[in-house]
Amino acid sequence: MSASFTLDKILDVVGPSEFEGDRDRVVLGPSSLTEASSDNISFLADAKHVFLAASTKAGCLVISQKLRSETMAYGGAKIFVGNAQEAWAKVLGLWERELLGPPWGIDEKAVVSRTAKLGKNVSIGALTVIEDKVQIADGTVIYPQCYIGRDVAIGADSVIYPQVVIRERCRIGNRVIIQPGAIIGGDGFGFVPANGRHVKVPQIGIVEIEDDVEIGANATIDRAMMGATRIGAGTKLDNLVHVGHNSVLGKHCLMAGQAGLAGSVTLGDGVVMGGQVAIKDHTKIASGTMIGGQAGVIGDIKTKDVLMGTPAMNLRQFMKLQALINKLPEIYDFVKKRSPADTPDGR
Amino acid sequence: MSASFTLDKILDVVGPSEFEGDRDRVVLGPSSLTEASSDNISFLADAKHVFLAASTKAGCLVISQKLRSETMAYGGAKIFVGNAQEAWAKVLGLWERELLGPPWGIDEKAVVSRTAKLGKNVSIGALTVIEDKVQIADGTVIYPQCYIGRDVAIGADSVIYPQVVIRERCRIGNRVIIQPGAIIGGDGFGFVPANGRHVKVPQIGIVEIEDDVEIGANATIDRAMMGATRIGAGTKLDNLVHVGHNSVLGKHCLMAGQAGLAGSVTLGDGVVMGGQVAIKDHTKIASGTMIGGQAGVIGDIKTKDVLMGTPAMNLRQFMKLQALINKLPEIYDFVKKRSPADTPDGR
Amino acid sequence: MSASFTLDKILDVVGPSEFEGDRDRVVLGPSSLTEASSDNISFLADAKHVFLAASTKAGCLVISQKLRSETMAYGGAKIFVGNAQEAWAKVLGLWERELLGPPWGIDEKAVVSRTAKLGKNVSIGALTVIEDKVQIADGTVIYPQCYIGRDVAIGADSVIYPQVVIRERCRIGNRVIIQPGAIIGGDGFGFVPANGRHVKVPQIGIVEIEDDVEIGANATIDRAMMGATRIGAGTKLDNLVHVGHNSVLGKHCLMAGQAGLAGSVTLGDGVVMGGQVAIKDHTKIASGTMIGGQAGVIGDIKTKDVLMGTPAMNLRQFMKLQALINKLPEIYDFVKKRSPADTPDGR
């Protein structure tokens, strides 16, 4: 770690809290409870880690208020907060900013069209290509080797990591983070049969990504045939996620690694899906639905539910059937034992 | 939309059709039935959308001949065609060409070997690397930041979007489209066990992509150990599809998003697979076979079939077993109720 | 093929062997048994290919010692070895080196920070970006258009193919191979709920890749929240594999195409998984465990096992239950036949 902060500075970013200790104490970096030394800060958000806090060497802890009484024995500085995970995220953010370094402005090896409009404090990395009429708002950072196609608009304070492609005319909101290698606005997979061939349907729509979205490494979000494929504000997509053309995702959804939406899927708000989930084309999923890893959803989910399996069903139903499948040996024994006696031909 | 066309021009690209309306009318862009305004053109290919056509504001419709009688009430211009979806693809193509803009020739920031041979009207984008002895035929467009390895050959009128990698010696046909981030010719996943380690088997074969193929964003097609991994003419692969080394795909196949073929898989012609399908190595799939999303095929499919599930089986069989699994509570109730009474030991 | 070698040279790379034939004979290239001509070398490692060896036109064969007696009839030169697959890998390696060509040094179009430290015989391709304080050891080859972030260290004799991203501070070992488009060190997928939103947890850890690892095309390995995501020595990951943050993989594991690990997964040594396998977060898998394609592991595997299915279970158990599921029609017939007679109300 290359930076150090006083507890005073840390208390400043954490927000409302109660503090026990010395504000001038210097912390060299964040660490886990088990690996921390006395120069480190760590955190306790979960009751099941109380036993680790008892023996940690960390010089300071961010502690969930509800665990206050269980940390009496801990001798270091204590920061009590309502949401320790959120506070911890803020602490990590202090070091992250140091580690990522300051914005660098427009690199002389960036290839920026004269018709592009760049806001204040925009950074563009070496060998990034910014095509004609691109608009980039204040404070956005674009790392090296990205491709920003013609007429793309990117909001303020977004971060685009290396080798991201955003094809022509797509819209990206404010405070959006796009991890390396993600592809925004590739053609949707649209073909019509004609004379035994697949004739391409041109995909002239776009992708719209709203504010505060994060897109994972090597994820792909296809442009719409017409209109827009849309990712709602605050939604987070993990690595290698695929979003088919004309899909519309609500706000604050989560899609874990390698999950995929076929075309024209609609997700409500707050839909959460595990890794490798697949949703059939033209399916609608109600807000708040949770879908377990590897599930395959092939029909509309009209009210909030917890789903599992392929084809996906209610989790309790899935567990029940799974338990009964495990009883099949017993069931079959029963049937086999009775079959010859019951049937006159003694098969 | 940045372009407008007269219906006369549109009729020209649509091909054989019957027309009712004013050929001089100007259309500003294509749109869906529900979102169209009077300056838009839309289409009706499916009987279930007739009710939308009744209230659309579109100034012109491309209409399937078979739905002719159901559009008497529609007051705009009408273009009747045999295959409305195909005609619609042609209409979209008019605007797509405008939106993508004209070819730009060889960008001065492209890095092109002096030993590369470029045909007429080839476009090479900024920061694309063209290695020694590459051959690119007439009219092919390569967007910025692609890597075209030594001795690669690319046919005519192909489109390679940004940040595509085509490693050494691979062959790409005519009218091939490769979406951003796809990797053609990475090493196959070949290792032999020796002394508790995995020893790499060098992959000195290539990838051959025939005419009219489309490859999705961030898809990966591995080079063969020896010989070639081959994608047959007219086959379309969606985003994040994986094709293992020495696999051979027939003509006019479709692989939806995140589907994958292990090594040495053989697909006949016209094989269609849904998203996240997986095919075991050395498996042969008969022409015309359709494989449902997330299915896992672990044995040869010798005659055309419709498959579902892992391990994959005939769709009807899958549906039947699925229905019976749903009856397991009933079955188990039956068994439980009779077990104590039937067995003398009353277990 | 652009190179030829004498059998003398080939015997030299193969290592300990017995030879029958003419050491001065020239071989133009490796080939399969069925496609070889008399100028080619081929190999026989598997008893089931003996019949192909009987009719091959190859001028020379690498033959497994244990099949010696079955190749009496073959008239070409013979190289008998203990491990024919391993020997064959060495033969292919001869041609691979020729095909890939010599190292090229530092391309004048590479963008290399003055604070980077490069060892001897390092090659850096055109338009690759090497950020500040990067260290690259002797003999490592980095192809064009890669991004090597600040403070990254790469060992000796590694090969990084085009368009690989290695984000800041990650460590790469010796003799590591990274296929095109792979992303090392993207942010882990970490969010905490706060006020109905997902608040990003900064990911300030790194990725550590030990010696002799291979990473497939477009694979993604996320950096840790704190500490390191670690890939053990000799482990090989196929294309489009996803490794979540803080996962730790043992030595000599194999993950086939599109397999994925959620966060904080621990794999022992020698774990082998098929394509599209998914492992739940915080799961521990015992050394030597084998996991069949598309399986989903949702709990710790404490002793070496062979697994299949979602949720994953022992293979034999899976096969047994699968067989019983196939008997459900018979079971249900039995139940249906008896239900009305058995129940007084004749339901």
# chains A, B, ... in the order shown; residues from 1 in each chain; ligands from 1
$ interface_residues --of "chain A" --to "chain C" --cutoff "6 Å" --atoms "only C-alpha atoms" --output "ChimeraX atom specification"
/A:89,92-93,96
$ select_by_dssp --residues "stretch 7-62 of chain B" --states "strand (DSSP E)" --output "list in words"
Glu18, Phe19, Glu20, Val26, Val27, Gly29, Pro30, Asn40, Ile41, Ser42, Phe43, Leu44, Cys60, Leu61 and Val62 of chain B
$ write_last_selection --atoms "C-alpha atoms" --output "PDB file, in the first residue's frame"
ATOM      1  CA  GLU B  18     -47.253  -4.824 -54.564  1.00  0.00           C
ATOM      2  CA  PHE B  19     -47.653  -1.224 -53.584  1.00  0.00           C
ATOM      3  CA  GLU B  20     -50.536   1.018 -52.593  1.00  0.00           C
ATOM      4  CA  VAL B  26     -40.540  10.595 -47.703  1.00  0.00           C
ATOM      5  CA  VAL B  27     -39.817   8.327 -44.737  1.00  0.00           C
ATOM      6  CA  GLY B  29     -36.880   6.194 -40.349  1.00  0.00           C
ATOM      7  CA  PRO B  30     -38.057   2.708 -39.422  1.00  0.00           C
ATOM      8  CA  ASN B  40     -41.982   6.317 -40.043  1.00  0.00           C
ATOM      9  CA  ILE B  41     -42.185   3.010 -41.822  1.00  0.00           C
ATOM     10  CA  SER B  42     -43.063  -0.131 -39.881  1.00  0.00           C
ATOM     11  CA  PHE B  43     -43.943  -3.748 -40.672  1.00  0.00           C
ATOM     12  CA  LEU B  44     -46.488  -6.487 -40.076  1.00  0.00           C
ATOM     13  CA  CYS B  60     -46.183   3.172 -44.382  1.00  0.00           C
ATOM     14  CA  LEU B  61     -46.227  -0.560 -43.638  1.00  0.00           C
ATOM     15  CA  VAL B  62     -44.389  -3.527 -45.087  1.00  0.00           C
TER      16      VAL B  62
END
$ atom_distance --atom1 "atom CA of C:Tyr74" --atom2 "atom CA of C:Thr56"
8.4 Å
$ residues_around --residues "B:Arg114" --least-positions-apart "5" --cutoff "10 Å" --atoms "only C-alpha atoms" --output "MDAnalysis selection string"
chainID B and resid 130:134
$ select_by_dssp --residues "stretch 28-195 of chain B" --states "alpha helix (DSSP H)" --output "compact mmCIF listing (two decimals) with N, CA, C and O atoms, in the first residue's frame"
# COMPACT_ATOMS: atom_id res chain seq x y z
N VAL B 50 -51.68 -7.97 -35.79
CA VAL B 50 -52.66 -7.25 -36.62
C VAL B 50 -53.34 -6.15 -35.81
O VAL B 50 -53.57 -5.04 -36.30
N PHE B 51 -53.61 -6.45 -34.55
CA PHE B 51 -54.32 -5.45 -33.72
C PHE B 51 -53.47 -4.19 -33.51
O PHE B 51 -53.99 -3.10 -33.35
N LEU B 52 -52.14 -4.35 -33.52
CA LEU B 52 -51.26 -3.18 -33.39
C LEU B 52 -51.28 -2.36 -34.69
O LEU B 52 -51.23 -1.13 -34.66
N ALA B 53 -51.35 -3.08 -35.80
CA ALA B 53 -51.37 -2.39 -37.09
C ALA B 53 -52.62 -1.54 -37.23
O ALA B 53 -52.62 -0.49 -37.88
N ALA B 54 -53.70 -1.98 -36.60
CA ALA B 54 -54.97 -1.25 -36.71
C ALA B 54 -54.86 0.15 -36.11
O ALA B 54 -55.55 1.07 -36.55
N SER B 55 -53.98 0.32 -35.14
CA SER B 55 -53.90 1.62 -34.48
C SER B 55 -52.56 2.32 -34.67
O SER B 55 -52.29 3.35 -34.07
N ALA B 84 -42.27 -10.79 -45.22
CA ALA B 84 -42.22 -9.42 -44.68
C ALA B 84 -41.00 -9.21 -43.77
O ALA B 84 -40.46 -8.12 -43.69
N GLN B 85 -40.57 -10.27 -43.08
CA GLN B 85 -39.39 -10.13 -42.22
C GLN B 85 -38.15 -9.87 -43.06
O GLN B 85 -37.32 -9.01 -42.73
N GLU B 86 -38.01 -10.61 -44.15
CA GLU B 86 -36.84 -10.42 -45.01
C GLU B 86 -36.87 -9.02 -45.64
O GLU B 86 -35.85 -8.33 -45.69
N ALA B 87 -38.06 -8.61 -46.08
CA ALA B 87 -38.18 -7.27 -46.68
C ALA B 87 -37.83 -6.20 -45.64
O ALA B 87 -37.15 -5.21 -45.95
N TRP B 88 -38.27 -6.44 -44.42
CA TRP B 88 -38.00 -5.47 -43.36
C TRP B 88 -36.49 -5.37 -43.09
O TRP B 88 -35.96 -4.27 -42.87
N ALA B 89 -35.81 -6.51 -43.14
CA ALA B 89 -34.35 -6.50 -42.97
C ALA B 89 -33.71 -5.61 -44.04
O ALA B 89 -32.75 -4.88 -43.76
N LYS B 90 -34.26 -5.66 -45.24
CA LYS B 90 -33.70 -4.83 -46.32
C LYS B 90 -33.95 -3.35 -46.06
O LYS B 90 -33.11 -2.50 -46.35
N VAL B 91 -35.13 -3.05 -45.54
CA VAL B 91 -35.44 -1.64 -45.21
C VAL B 91 -34.48 -1.13 -44.13
O VAL B 91 -33.89 -0.05 -44.26
N LEU B 92 -34.29 -1.93 -43.08
CA LEU B 92 -33.35 -1.53 -42.02
C LEU B 92 -31.95 -1.33 -42.59
O LEU B 92 -31.21 -0.43 -42.16
N GLY B 93 -31.59 -2.17 -43.56
CA GLY B 93 -30.26 -2.09 -44.15
C GLY B 93 -29.99 -0.73 -44.80
O GLY B 93 -28.86 -0.22 -44.77
N LEU B 94 -31.05 -0.13 -45.37
CA LEU B 94 -30.90 1.21 -45.96
C LEU B 94 -30.38 2.20 -44.92
O LEU B 94 -29.43 2.94 -45.16
N TRP B 95 -31.03 2.19 -43.74
CA TRP B 95 -30.61 3.14 -42.71
C TRP B 95 -29.29 2.74 -42.05
O TRP B 95 -28.50 3.57 -41.68
N GLU B 96 -29.08 1.43 -41.93
CA GLU B 96 -27.83 0.97 -41.33
C GLU B 96 -26.63 1.52 -42.09
O GLU B 96 -25.66 2.00 -41.51
N ARG B 97 -26.71 1.45 -43.42
CA ARG B 97 -25.57 1.93 -44.22
C ARG B 97 -25.31 3.41 -43.97
O ARG B 97 -24.17 3.85 -43.88
N GLU B 98 -26.39 4.18 -43.84
CA GLU B 98 -26.22 5.61 -43.53
C GLU B 98 -25.58 5.80 -42.15
O GLU B 98 -24.71 6.63 -41.96
N LEU B 99 -26.08 5.02 -41.20
CA LEU B 99 -25.62 5.21 -39.82
C LEU B 99 -24.16 4.80 -39.64
O LEU B 99 -23.43 5.40 -38.86
N LEU B 100 -23.75 3.78 -40.37
CA LEU B 100 -22.36 3.33 -40.22
C LEU B 100 -21.41 4.25 -40.98
O LEU B 100 -20.22 4.30 -40.66
$ atom_distance --atom1 "atom CA of A:Ala286" --atom2 "atom CA of A:Lys304"
5.4 Å
$ atom_distance --atom1 "atom CA of B:Gly288" --atom2 "atom CA of B:Cys253"
8.5 Å
$ residues_around --residues "C:Asp211" --least-positions-apart "6" --cutoff "10 Å" --atoms "only C-alpha atoms" --output "list of chain:residue names"
C:Gly155, C:Ala156, C:Ser158, C:Ile172, C:Gly173, C:Asn174, C:Arg175, C:Val176, C:Ile177, C:Ile231, C:Gly232, C:Ala233, C:Gly234, C:Thr235, C:Lys251
